[in-house]
Structures are given as C-alpha cells and as structure tokens.
file query-v8.pdb (PDB, C-alpha atoms)
ATOM      1  CA  MET I   1     -55.146  10.812 -14.743
ATOM      2  CA  LYS I   2     -57.188  13.915 -15.532
ATOM      3  CA  PRO I   3     -56.904  16.986 -13.278
ATOM      4  CA  THR I   4     -59.771  17.115 -10.740
ATOM      5  CA  ASN I   5     -59.785  20.848  -9.928
ATOM      6  CA  PRO I   6     -58.508  24.189 -11.330
ATOM      7  CA  LEU I   7     -55.287  24.006  -9.313
ATOM      8  CA  ASP I   8     -54.437  20.549 -10.676
ATOM      9  CA  GLU I   9     -55.358  21.796 -14.155
ATOM     10  CA  LEU I  10     -52.950  24.718 -13.798
ATOM     11  CA  MET I  11     -50.128  22.485 -12.576
ATOM     12  CA  GLN I  12     -50.648  20.026 -15.413
ATOM     13  CA  ALA I  13     -50.686  22.894 -17.924
ATOM     14  CA  LEU I  14     -47.391  24.285 -16.586
ATOM     15  CA  ARG I  15     -45.753  20.883 -16.978
ATOM     16  CA  VAL I  16     -45.900  21.152 -20.775
ATOM     17  CA  LEU I  17     -42.946  23.567 -20.518
ATOM     18  CA  PRO I  18     -39.510  21.967 -21.056
ATOM     19  CA  GLY I  19     -37.692  21.107 -17.842
ATOM     20  CA  VAL I  20     -40.742  21.675 -15.624
ATOM     21  CA  GLY I  21     -41.547  18.707 -13.390
ATOM     22  CA  PRO I  22     -44.278  18.277 -10.752
ATOM     23  CA  LYS I  23     -42.456  20.248  -8.038
ATOM     24  CA  SER I  24     -41.533  23.166 -10.302
ATOM     25  CA  ALA I  25     -45.075  23.294 -11.678
ATOM     26  CA  ALA I  26     -46.487  23.387  -8.146
ATOM     27  CA  ARG I  27     -44.123  26.217  -7.136
ATOM     28  CA  MET I  28     -45.052  28.225 -10.223
ATOM     29  CA  ALA I  29     -48.773  27.668  -9.741
ATOM     30  CA  TYR I  30     -48.727  28.697  -6.068
ATOM     31  CA  HIS I  31     -46.560  31.723  -6.830
ATOM     32  CA  LEU I  32     -48.969  32.951  -9.496
ATOM     33  CA  LEU I  33     -52.006  32.396  -7.278
ATOM     34  CA  GLN I  34     -50.510  33.833  -4.091
ATOM     35  CA  HIS I  35     -48.209  36.612  -5.246
ATOM     36  CA  ASP I  36     -48.876  37.601  -8.851
ATOM     37  CA  ARG I  37     -52.443  37.182 -10.002
ATOM     38  CA  GLN I  38     -52.029  40.134 -12.372
ATOM     39  CA  GLY I  39     -48.967  38.441 -13.854
ATOM     40  CA  ALA I  40     -50.988  35.252 -14.279
ATOM     41  CA  LYS I  41     -53.708  37.151 -16.142
ATOM     42  CA  ARG I  42     -51.096  38.841 -18.345
ATOM     43  CA  LEU I  43     -49.509  35.455 -19.062
ATOM     44  CA  GLY I  44     -52.856  33.981 -20.050
ATOM     45  CA  LEU I  45     -53.670  36.888 -22.351
ATOM     46  CA  ALA I  46     -50.197  36.805 -23.926
ATOM     47  CA  LEU I  47     -50.474  33.069 -24.604
ATOM     48  CA  ASP I  48     -53.915  33.491 -26.141
ATOM     49  CA  SER I  49     -52.697  36.395 -28.291
ATOM     50  CA  ALA I  50     -49.628  34.463 -29.475
ATOM     51  CA  LEU I  51     -51.601  31.317 -30.271
ATOM     52  CA  ASN I  52     -54.165  33.248 -32.295
ATOM     53  CA  GLY I  53     -51.893  35.871 -33.819
ATOM     54  CA  LEU I  54     -48.721  34.014 -34.813
ATOM     55  CA  HIS I  55     -48.491  31.631 -37.767
ATOM     56  CA  PRO I  56     -45.671  30.150 -39.903
ATOM     57  CA  CYS I  57     -44.168  32.582 -42.395
ATOM     58  CA  SER I  58     -44.902  31.288 -45.898
ATOM     59  CA  GLN I  59     -41.243  31.650 -46.867
ATOM     60  CA  CYS I  60     -39.024  30.937 -43.850
ATOM     61  CA  ASN I  61     -41.413  28.953 -41.625
ATOM     62  CA  ASN I  62     -40.631  31.151 -38.590
ATOM     63  CA  PHE I  63     -43.463  32.543 -36.454
ATOM     64  CA  SER I  64     -44.968  35.695 -37.912
ATOM     65  CA  GLU I  65     -47.984  37.967 -37.502
ATOM     66  CA  SER I  66     -48.223  38.428 -41.273
ATOM     67  CA  PRO I  67     -48.128  35.852 -44.112
ATOM     68  CA  VAL I  68     -44.526  36.917 -44.887
ATOM     69  CA  CYS I  69     -42.347  37.876 -41.903
ATOM     70  CA  ARG I  70     -40.354  41.089 -41.453
ATOM     71  CA  LEU I  71     -37.007  39.497 -42.394
ATOM     72  CA  CYS I  72     -38.280  37.800 -45.538
ATOM     73  CA  SER I  73     -39.982  40.963 -46.762
ATOM     74  CA  SER I  74     -36.958  43.200 -46.104
ATOM     75  CA  ASN I  75     -35.223  44.732 -49.119
ATOM     76  CA  GLU I  76     -31.978  44.954 -47.148
ATOM     77  CA  ARG I  77     -31.385  41.185 -46.909
ATOM     78  CA  ASP I  78     -29.270  39.145 -49.341
ATOM     79  CA  ASN I  79     -31.827  36.821 -50.907
ATOM     80  CA  THR I  80     -29.138  34.695 -52.571
ATOM     81  CA  GLN I  81     -28.131  33.195 -49.202
ATOM     82  CA  LEU I  82     -30.380  30.954 -47.123
ATOM     83  CA  ALA I  83     -29.334  29.831 -43.626
ATOM     84  CA  VAL I  84     -31.096  26.729 -42.334
ATOM     85  CA  VAL I  85     -31.576  26.605 -38.555
ATOM     86  CA  GLU I  86     -33.367  24.152 -36.299
ATOM     87  CA  MET I  87     -35.368  26.528 -34.099
ATOM     88  CA  PRO I  88     -36.413  30.206 -33.947
ATOM     89  CA  THR I  89     -33.999  30.678 -31.028
ATOM     90  CA  ASP I  90     -31.142  29.711 -33.374
ATOM     91  CA  LEU I  91     -32.262  32.406 -35.812
ATOM     92  CA  VAL I  92     -32.179  34.952 -32.982
ATOM     93  CA  MET I  93     -28.605  33.944 -32.121
ATOM     94  CA  MET I  94     -27.537  34.249 -35.769
ATOM     95  CA  GLU I  95     -29.055  37.732 -35.954
ATOM     96  CA  GLN I  96     -27.227  38.795 -32.791
ATOM     97  CA  THR I  97     -23.882  38.214 -34.521
ATOM     98  CA  ARG I  98     -24.752  41.046 -36.974
ATOM     99  CA  SER I  99     -22.506  39.262 -39.471
ATOM    100  CA  TYR I 100     -25.120  37.407 -41.528
ATOM    101  CA  HIS I 101     -27.344  39.385 -43.884
ATOM    102  CA  GLY I 102     -29.082  36.650 -45.841
ATOM    103  CA  LEU I 103     -32.440  34.969 -45.320
ATOM    104  CA  TYR I 104     -33.442  31.980 -43.185
ATOM    105  CA  PHE I 105     -35.401  28.782 -43.121
ATOM    106  CA  VAL I 106     -36.491  27.435 -39.730
ATOM    107  CA  LEU I 107     -36.973  23.663 -39.630
ATOM    108  CA  MET I 108     -38.825  23.708 -36.281
ATOM    109  CA  GLY I 109     -36.921  20.604 -35.255
ATOM    110  CA  ARG I 110     -34.378  18.088 -36.500
ATOM    111  CA  LEU I 111     -34.439  14.541 -37.819
ATOM    112  CA  SER I 112     -34.803  12.197 -34.860
ATOM    113  CA  PRO I 113     -36.491   8.841 -35.508
ATOM    114  CA  LEU I 114     -36.458   8.024 -31.781
ATOM    115  CA  ASP I 115     -38.572  11.133 -31.136
ATOM    116  CA  GLY I 116     -40.795  10.484 -34.143
ATOM    117  CA  MET I 117     -39.347  13.419 -36.123
ATOM    118  CA  GLY I 118     -39.111  12.589 -39.817
ATOM    119  CA  PRO I 119     -38.596  14.654 -43.005
ATOM    120  CA  HIS I 120     -42.217  15.820 -43.088
ATOM    121  CA  ASP I 121     -42.089  17.003 -39.459
ATOM    122  CA  ILE I 122     -39.184  19.374 -40.194
ATOM    123  CA  HIS I 123     -40.721  20.690 -43.440
ATOM    124  CA  LEU I 124     -38.007  19.428 -45.800
ATOM    125  CA  ASP I 125     -40.349  19.654 -48.783
ATOM    126  CA  LYS I 126     -40.954  23.339 -48.051
ATOM    127  CA  LEU I 127     -37.202  23.907 -47.625
ATOM    128  CA  ILE I 128     -36.402  22.264 -50.972
ATOM    129  CA  ALA I 129     -38.990  24.415 -52.738
ATOM    130  CA  ARG I 130     -37.572  27.533 -51.083
ATOM    131  CA  ALA I 131     -33.954  26.663 -51.943
ATOM    132  CA  CYS I 132     -34.821  25.863 -55.550
ATOM    133  CA  ASP I 133     -36.670  29.118 -56.253
ATOM    134  CA  GLY I 134     -34.032  30.241 -58.764
ATOM    135  CA  ILE I 135     -32.833  33.073 -56.514
ATOM    136  CA  VAL I 136     -30.989  31.227 -53.729
ATOM    137  CA  GLN I 137     -27.374  30.520 -54.683
ATOM    138  CA  GLU I 138     -26.045  29.134 -51.399
ATOM    139  CA  VAL I 139     -27.678  27.253 -48.558
ATOM    140  CA  ILE I 140     -25.793  27.554 -45.265
ATOM    141  CA  LEU I 141     -26.512  24.687 -42.888
ATOM    142  CA  ALA I 142     -26.567  26.058 -39.347
ATOM    143  CA  THR I 143     -28.039  23.038 -37.584
ATOM    144  CA  ASN I 144     -26.586  22.074 -34.221
ATOM    145  CA  PHE I 145     -23.482  19.893 -33.945
ATOM    146  CA  THR I 146     -25.360  17.043 -32.272
ATOM    147  CA  MET I 147     -25.923  13.592 -33.760
ATOM    148  CA  GLU I 148     -29.427  14.634 -34.834
ATOM    149  CA  GLY I 149     -28.209  17.987 -36.161
ATOM    150  CA  GLU I 150     -25.465  16.314 -38.183
ATOM    151  CA  ALA I 151     -27.908  13.734 -39.571
ATOM    152  CA  THR I 152     -30.271  16.541 -40.552
ATOM    153  CA  ALA I 153     -27.460  18.473 -42.253
ATOM    154  CA  HIS I 154     -26.393  15.329 -44.136
ATOM    155  CA  ALA I 155     -29.928  14.624 -45.369
ATOM    156  CA  ILE I 156     -30.421  18.222 -46.523
ATOM    157  CA  THR I 157     -27.024  18.222 -48.271
ATOM    158  CA  GLU I 158     -27.944  15.098 -50.253
ATOM    159  CA  LEU I 159     -31.309  16.543 -51.293
ATOM    160  CA  LEU I 160     -29.868  19.896 -52.364
ATOM    161  CA  ASN I 161     -26.743  18.539 -54.061
ATOM    162  CA  ALA I 162     -28.962  16.337 -56.185
ATOM    163  CA  ARG I 163     -30.645  19.528 -57.399
ATOM    164  CA  GLY I 164     -27.397  21.394 -58.059
ATOM    165  CA  ILE I 165     -27.701  23.775 -55.103
ATOM    166  CA  ALA I 166     -24.443  24.906 -53.402
ATOM    167  CA  VAL I 167     -24.384  23.912 -49.726
ATOM    168  CA  SER I 168     -22.026  25.026 -46.956
ATOM    169  CA  ARG I 169     -21.843  24.199 -43.246
ATOM    170  CA  LEU I 170     -20.956  26.353 -40.258
ATOM    171  CA  ALA I 171     -17.330  25.818 -39.227
ATOM    172  CA  ARG I 172     -16.481  24.028 -35.987
ATOM    173  CA  GLY I 173     -13.454  24.572 -33.827
ATOM    174  CA  VAL I 174     -11.846  26.435 -30.959
ATOM    175  CA  PRO I 175     -14.156  29.123 -29.523
ATOM    176  CA  LEU I 176     -13.145  32.767 -29.776
ATOM    177  CA  GLY I 177     -11.043  33.640 -26.753
ATOM    178  CA  GLY I 178     -10.645  29.971 -25.835
ATOM    179  CA  GLU I 179      -7.419  28.469 -24.509
ATOM    180  CA  LEU I 180      -6.299  25.116 -25.925
ATOM    181  CA  GLU I 181      -5.795  23.530 -22.505
ATOM    182  CA  HIS I 182      -9.520  24.012 -21.800
ATOM    183  CA  VAL I 183     -10.796  22.757 -25.174
ATOM    184  CA  ASP I 184     -12.126  19.203 -25.349
ATOM    185  CA  PRO I 185     -10.241  16.778 -27.651
ATOM    186  CA  GLY I 186     -13.135  16.362 -30.081
ATOM    187  CA  THR I 187     -13.429  20.098 -30.680
ATOM    188  CA  LEU I 188      -9.667  20.448 -31.067
ATOM    189  CA  ALA I 189      -9.551  17.565 -33.556
ATOM    190  CA  GLN I 190     -12.329  19.206 -35.593
ATOM    191  CA  ALA I 191     -10.488  22.536 -35.518
ATOM    192  CA  LEU I 192      -7.421  20.814 -36.940
ATOM    193  CA  ALA I 193      -9.453  19.138 -39.658
ATOM    194  CA  ASP I 194     -11.151  22.441 -40.592
ATOM    195  CA  ARG I 195      -7.964  24.531 -40.539
ATOM    196  CA  ARG I 196      -7.495  27.068 -43.341
ATOM    197  CA  PRO I 197      -4.417  28.648 -44.918
ATOM    198  CA  LEU I 198      -3.348  32.158 -43.914
ATOM    199  CA  SER I 199      -1.954  34.753 -46.281
ATOM    200  CA  LEU I 200      -0.092  37.835 -45.161
ATOM    201  CA  PRO I 201      -0.581  41.142 -46.990
TER     202      PRO I 201
END

call {"tool": "encode", "arguments": {"input": "query-v8.pdb", "output": "structure tokens"}}
result
Amino acid sequence: MKPTNPLDELMQALRVLPGVGPKSAARMAYHLLQHDRQGAKRLGLALDSALNGLHPCSQCNNFSESPVCRLCSSNERDNTQLAVVEMPTDLVMMEQTRSYHGLYFVLMGRLSPLDGMGPHDIHLDKLIARACDGIVQEVILATNFTMEGEATAHAITELLNARGIAVSRLARGVPLGGELEHVDPGTLAQALADRRPLSLP
C-alpha cells in the first residue's frame, strides 16, 4: 500500500534501514518532526550528497568520491596483497587493527542463493580481473565465518587457484584474552585444527 501523506512517506522511507520496523520508524519520524527538524534537514542533505557524490572505486569497489579511492591510490600500501571483504564496514575493522598494509576488494555482499545473491551480484568478475593484474601475489580471504561467508570464500578460492593465484584465509580460533571455559566448542575445535608450532629463540 502506497503512503497517503508525507508522514506515512517518511515512515516508509525510514523502514528501508536494517532492523527498523513500523514502531521504530514511527518513533524516529516523530522525533525528527517534533524535536530535531534541523537534524532532519541535515540528514536529508547528507543522504543526497552521499548518493550523488559516492561511487564504486574502479579498483577495490568500495565507495569513493574519486574514480580511484584514497587507499588504492596510496603509495604506502603493499600492492602485492589483496584482502577480500564482504562489506565496507569489514574494511574499516581491518584498518583499525593497523596490522594490514595491503589493498582491498569489497564484494558488497556474499553468495546467498536464498537472498538472490549470485556471483555477478558480488562482482566476482571484477575481483578476478583485479587479482590477476600481474601485481597481486596473495589474496587474503577475510569473508565472515558464516555459511554464506564460507561458501563465498570457497568459490573465490576455486576461481583463483585455477588461475595460479595464492590464496589464504583469516585464521579462526580462541579470541585474544579469551578463557577456554567461555569459548564455544565449535570455536575451540577450529582453534585446535588451526594450531601452529612454536619455536623458542
């Protein structure tokens, strides 16, 4: 049913946000109208600016104001490493570790037939072209450890291995600072499987 007035239109528009149902949308709409009309105007302008000013980076597929984003055009990044993440938020988390200095490719999703997400929807053709540019030596799969994330990692591994590209996957296991009694059995089993030898100096 189409909205019949501006208030209904606003509520329906707010419901496109993840996790926002009818009640949350109504609360947000009334708050903006009653208490923060300036904030509502700023939100509208920011959305319009982002929609018109941000486009996929030609190299990493992340949102960018310019054809090639700041990270991809940096001379300080290791262009032989390419980390593949599902979403821009995952890239932000990787950057916050300050331990990865390579480049990225953002899939903007993951393989999920039930949600209608296939290889074309996550830009696998663009990823393959990027990974096979003759410069990249290692592709690091940093997709999530969900069923869809694992399926995506498996599909990418097959495609890249067939082209002779080295592929690695983020390790799984006990979180830093975690105590074994609080770790779930699946995580502990994976930590055992992914254990590595130690050498003393």

call {"tool": "resolve_selection", "arguments": {"input": "query-v8.pdb", "expression": "the PyMOL selection byres ((chain I and resi 106) around 7)", "output": "list in words"}}
result
Cys60, Asn61, Asn62, Val84, Val85, Glu86, Met87, Pro88, Tyr104, Phe105, Leu107 and Met108 of chain I

call {"tool": "atom_distance", "arguments": {"input": "query-v8.pdb", "atom1": "CA of Leu141 in chain I", "atom2": "CA of Thr157 in chain I"}}
result
8.4 Å

call {"tool": "residues_near_point", "arguments": {"input": "query-v8.pdb", "point": "(-24.6, 28.4, -51.1)", "cutoff": "10 Å", "atoms": "all atoms listed in the file", "output": "PDB file with C-alpha atoms, in the frame of the given file"}}
result
ATOM      1  CA  THR I  80     -29.138  34.695 -52.571  1.00  0.00           C
ATOM      2  CA  GLN I  81     -28.131  33.195 -49.202  1.00  0.00           C
ATOM      3  CA  LEU I  82     -30.380  30.954 -47.123  1.00  0.00           C
ATOM      4  CA  ALA I  83     -29.334  29.831 -43.626  1.00  0.00           C
ATOM      5  CA  ALA I 131     -33.954  26.663 -51.943  1.00  0.00           C
ATOM      6  CA  VAL I 136     -30.989  31.227 -53.729  1.00  0.00           C
ATOM      7  CA  GLN I 137     -27.374  30.520 -54.683  1.00  0.00           C
ATOM      8  CA  GLU I 138     -26.045  29.134 -51.399  1.00  0.00           C
ATOM      9  CA  VAL I 139     -27.678  27.253 -48.558  1.00  0.00           C
ATOM     10  CA  ILE I 140     -25.793  27.554 -45.265  1.00  0.00           C
ATOM     11  CA  LEU I 141     -26.512  24.687 -42.888  1.00  0.00           C
ATOM     12  CA  ILE I 165     -27.701  23.775 -55.103  1.00  0.00           C
ATOM     13  CA  ALA I 166     -24.443  24.906 -53.402  1.00  0.00           C
ATOM     14  CA  VAL I 167     -24.384  23.912 -49.726  1.00  0.00           C
ATOM     15  CA  SER I 168     -22.026  25.026 -46.956  1.00  0.00           C
ATOM     16  CA  ARG I 169     -21.843  24.199 -43.246  1.00  0.00           C
TER      17      ARG I 169
END

call {"tool": "resolve_selection", "arguments": {"input": "query-v8.pdb", "expression": "the PyMOL selection byres ((chain I and resi 6-15) around 10)", "output": "ChimeraX atom specification"}}
result
/I:2-5,16-30,33

call {"tool": "residues_around", "arguments": {"input": "query-v8.pdb", "residues": "Pro113 in chain I", "least_positions_apart": "5", "cutoff": "12 Å", "atoms": "all atoms listed in the file", "output": "list in words"}}
result
Gly118, Pro119, His120, Asp121, Ile122, Met147, Glu148, Ala151 and Thr152 of chain I

call {"tool": "resolve_selection", "arguments": {"input": "query-v8.pdb", "expression": "the PyMOL selection byres ((chain I and resi 170-182) around 9)", "output": "VMD selection string"}}
result
chain I and resid 140 to 143 145 168 to 169 183 to 184 187 to 195

call {"tool": "write_last_selection", "arguments": {"input": "query-v8.pdb", "atoms": "C-alpha atoms", "output": "CSV table (one decimal), in the coordinates of the input"}}
result
chain,number,residue,atom,x,y,z
I,140,ILE,CA,-25.8,27.6,-45.3
I,141,LEU,CA,-26.5,24.7,-42.9
I,142,ALA,CA,-26.6,26.1,-39.3
I,143,THR,CA,-28.0,23.0,-37.6
I,145,PHE,CA,-23.5,19.9,-33.9
I,168,SER,CA,-22.0,25.0,-47.0
I,169,ARG,CA,-21.8,24.2,-43.2
I,183,VAL,CA,-10.8,22.8,-25.2
I,184,ASP,CA,-12.1,19.2,-25.3
I,187,THR,CA,-13.4,20.1,-30.7
I,188,LEU,CA,-9.7,20.4,-31.1
I,189,ALA,CA,-9.6,17.6,-33.6
I,190,GLN,CA,-12.3,19.2,-35.6
I,191,ALA,CA,-10.5,22.5,-35.5
I,192,LEU,CA,-7.4,20.8,-36.9
I,193,ALA,CA,-9.5,19.1,-39.7
I,194,ASP,CA,-11.2,22.4,-40.6
I,195,ARG,CA,-8.0,24.5,-40.5

call {"tool": "closest_residue", "arguments": {"input": "query-v8.pdb", "among": "I:Ser49, I:Ser66, I:Ser58, I:Gln38", "to": "Leu127 in chain I", "atoms": "all atoms listed in the file"}}
result
I:Ser58

call {"tool": "closest_residue", "arguments": {"input": "query-v8.pdb", "among": "I:Ile156, I:Met94, I:Leu47, I:Leu54", "to": "Cys69 in chain I", "atoms": "all atoms listed in the file"}}
result
I:Leu54

call {"tool": "closest_residue", "arguments": {"input": "query-v8.pdb", "among": "I:Cys57, I:Ala46, I:Leu51, I:Leu71", "to": "Val92 in chain I", "atoms": "all atoms listed in the file"}}
result
I:Leu71

call {"tool": "closest_residue", "arguments": {"input": "query-v8.pdb", "among": "I:Met93, I:Ala50, I:Leu124, I:Leu43", "to": "Leu111 in chain I", "atoms": "only C-alpha atoms"}}
result
I:Leu124

call {"tool": "decode", "arguments": {"input": "query-v8.pdb", "residues": "range 84-95 of chain I", "atoms": "all heavy atoms", "output": "PDB file, in the first residue's frame"}}
result
ATOM      1  N   VAL I  84      40.114  -9.590   0.644  1.00  0.00           N
ATOM      2  CA  VAL I  84      38.744  -9.587   0.143  1.00  0.00           C
ATOM      3  C   VAL I  84      37.790  -9.586   1.328  1.00  0.00           C
ATOM      4  O   VAL I  84      37.817 -10.498   2.160  1.00  0.00           O
ATOM      5  CB  VAL I  84      38.481 -10.818  -0.747  1.00  0.00           C
ATOM      6  CG1 VAL I  84      37.037 -10.820  -1.246  1.00  0.00           C
ATOM      7  CG2 VAL I  84      39.449 -10.840  -1.923  1.00  0.00           C
ATOM      8  N   VAL I  85      36.959  -8.545   1.408  1.00  0.00           N
ATOM      9  CA  VAL I  85      35.983  -8.425   2.498  1.00  0.00           C
ATOM     10  C   VAL I  85      34.588  -8.343   1.915  1.00  0.00           C
ATOM     11  O   VAL I  85      34.406  -8.024   0.741  1.00  0.00           O
ATOM     12  CB  VAL I  85      36.269  -7.180   3.377  1.00  0.00           C
ATOM     13  CG1 VAL I  85      37.617  -7.304   4.076  1.00  0.00           C
ATOM     14  CG2 VAL I  85      36.207  -5.899   2.558  1.00  0.00           C
ATOM     15  N   GLU I  86      33.598  -8.633   2.763  1.00  0.00           N
ATOM     16  CA  GLU I  86      32.211  -8.615   2.284  1.00  0.00           C
ATOM     17  C   GLU I  86      31.660  -7.202   2.150  1.00  0.00           C
ATOM     18  O   GLU I  86      31.035  -6.870   1.151  1.00  0.00           O
ATOM     19  CB  GLU I  86      31.319  -9.431   3.226  1.00  0.00           C
ATOM     20  CG  GLU I  86      31.610 -10.921   3.198  1.00  0.00           C
ATOM     21  CD  GLU I  86      30.701 -11.694   4.124  1.00  0.00           C
ATOM     22  OE1 GLU I  86      29.656 -11.158   4.552  1.00  0.00           O
ATOM     23  OE2 GLU I  86      31.033 -12.854   4.443  1.00  0.00           O
ATOM     24  N   MET I  87      31.881  -6.367   3.174  1.00  0.00           N
ATOM     25  CA  MET I  87      31.257  -5.051   3.218  1.00  0.00           C
ATOM     26  C   MET I  87      32.271  -3.961   3.585  1.00  0.00           C
ATOM     27  O   MET I  87      33.307  -4.253   4.178  1.00  0.00           O
ATOM     28  CB  MET I  87      30.122  -5.044   4.244  1.00  0.00           C
ATOM     29  CG  MET I  87      29.034  -6.074   3.975  1.00  0.00           C
ATOM     30  SD  MET I  87      28.170  -5.826   2.397  1.00  0.00           S
ATOM     31  CE  MET I  87      27.302  -4.297   2.720  1.00  0.00           C
ATOM     32  N   PRO I  88      31.965  -2.703   3.270  1.00  0.00           N
ATOM     33  CA  PRO I  88      32.862  -1.605   3.662  1.00  0.00           C
ATOM     34  C   PRO I  88      33.130  -1.561   5.167  1.00  0.00           C
ATOM     35  O   PRO I  88      34.226  -1.184   5.588  1.00  0.00           O
ATOM     36  CB  PRO I  88      32.098  -0.352   3.200  1.00  0.00           C
ATOM     37  CG  PRO I  88      31.263  -0.820   2.063  1.00  0.00           C
ATOM     38  CD  PRO I  88      30.851  -2.217   2.431  1.00  0.00           C
ATOM     39  N   THR I  89      32.159  -1.953   5.981  1.00  0.00           N
ATOM     40  CA  THR I  89      32.373  -1.963   7.431  1.00  0.00           C
ATOM     41  C   THR I  89      33.463  -2.956   7.822  1.00  0.00           C
ATOM     42  O   THR I  89      34.186  -2.738   8.798  1.00  0.00           O
ATOM     43  CB  THR I  89      31.069  -2.315   8.168  1.00  0.00           C
ATOM     44  OG1 THR I  89      30.481  -3.476   7.555  1.00  0.00           O
ATOM     45  CG2 THR I  89      30.073  -1.171   8.092  1.00  0.00           C
ATOM     46  N   ASP I  90      33.595  -4.044   7.061  1.00  0.00           N
ATOM     47  CA  ASP I  90      34.664  -5.019   7.330  1.00  0.00           C
ATOM     48  C   ASP I  90      36.027  -4.412   7.009  1.00  0.00           C
ATOM     49  O   ASP I  90      37.003  -4.660   7.715  1.00  0.00           O
ATOM     50  CB  ASP I  90      34.446  -6.294   6.507  1.00  0.00           C
ATOM     51  CG  ASP I  90      33.111  -6.951   6.799  1.00  0.00           C
ATOM     52  OD1 ASP I  90      32.679  -6.905   7.959  1.00  0.00           O
ATOM     53  OD2 ASP I  90      32.510  -7.502   5.868  1.00  0.00           O
ATOM     54  N   LEU I  91      36.094  -3.619   5.955  1.00  0.00           N
ATOM     55  CA  LEU I  91      37.334  -2.933   5.606  1.00  0.00           C
ATOM     56  C   LEU I  91      37.737  -1.986   6.740  1.00  0.00           C
ATOM     57  O   LEU I  91      38.912  -1.927   7.120  1.00  0.00           O
ATOM     58  CB  LEU I  91      37.147  -2.158   4.299  1.00  0.00           C
ATOM     59  CG  LEU I  91      38.364  -1.443   3.698  1.00  0.00           C
ATOM     60  CD1 LEU I  91      38.171  -1.248   2.195  1.00  0.00           C
ATOM     61  CD2 LEU I  91      38.612  -0.082   4.339  1.00  0.00           C
ATOM     62  N   VAL I  92      36.769  -1.263   7.279  1.00  0.00           N
ATOM     63  CA  VAL I  92      37.048  -0.338   8.379  1.00  0.00           C
ATOM     64  C   VAL I  92      37.627  -1.093   9.576  1.00  0.00           C
ATOM     65  O   VAL I  92      38.599  -0.644  10.199  1.00  0.00           O
ATOM     66  CB  VAL I  92      35.767   0.423   8.789  1.00  0.00           C
ATOM     67  CG1 VAL I  92      35.998   1.228  10.065  1.00  0.00           C
ATOM     68  CG2 VAL I  92      35.311   1.340   7.658  1.00  0.00           C
ATOM     69  N   MET I  93      37.057  -2.245   9.895  1.00  0.00           N
ATOM     70  CA  MET I  93      37.562  -3.040  11.019  1.00  0.00           C
ATOM     71  C   MET I  93      38.987  -3.522  10.759  1.00  0.00           C
ATOM     72  O   MET I  93      39.830  -3.511  11.655  1.00  0.00           O
ATOM     73  CB  MET I  93      36.647  -4.234  11.280  1.00  0.00           C
ATOM     74  CG  MET I  93      35.299  -3.858  11.867  1.00  0.00           C
ATOM     75  SD  MET I  93      35.433  -2.969  13.432  1.00  0.00           S
ATOM     76  CE  MET I  93      36.204  -4.206  14.466  1.00  0.00           C
ATOM     77  N   MET I  94      39.264  -3.951   9.534  1.00  0.00           N
ATOM     78  CA  MET I  94      40.621  -4.388   9.184  1.00  0.00           C
ATOM     79  C   MET I  94      41.611  -3.241   9.345  1.00  0.00           C
ATOM     80  O   MET I  94      42.708  -3.423   9.860  1.00  0.00           O
ATOM     81  CB  MET I  94      40.657  -4.901   7.742  1.00  0.00           C
ATOM     82  CG  MET I  94      39.933  -6.210   7.507  1.00  0.00           C
ATOM     83  SD  MET I  94      40.956  -7.653   7.852  1.00  0.00           S
ATOM     84  CE  MET I  94      42.103  -7.611   6.470  1.00  0.00           C
ATOM     85  N   GLU I  95      41.227  -2.052   8.922  1.00  0.00           N
ATOM     86  CA  GLU I  95      42.107  -0.890   9.030  1.00  0.00           C
ATOM     87  C   GLU I  95      42.367  -0.524  10.486  1.00  0.00           C
ATOM     88  O   GLU I  95      43.453  -0.073  10.834  1.00  0.00           O
ATOM     89  CB  GLU I  95      41.505   0.303   8.285  1.00  0.00           C
ATOM     90  CG  GLU I  95      41.708   0.253   6.786  1.00  0.00           C
ATOM     91  CD  GLU I  95      43.170   0.313   6.406  1.00  0.00           C
ATOM     92  OE1 GLU I  95      43.759   1.396   6.443  1.00  0.00           O
ATOM     93  OE2 GLU I  95      43.733  -0.753   6.074  1.00  0.00           O
TER      94      GLU I  95
END
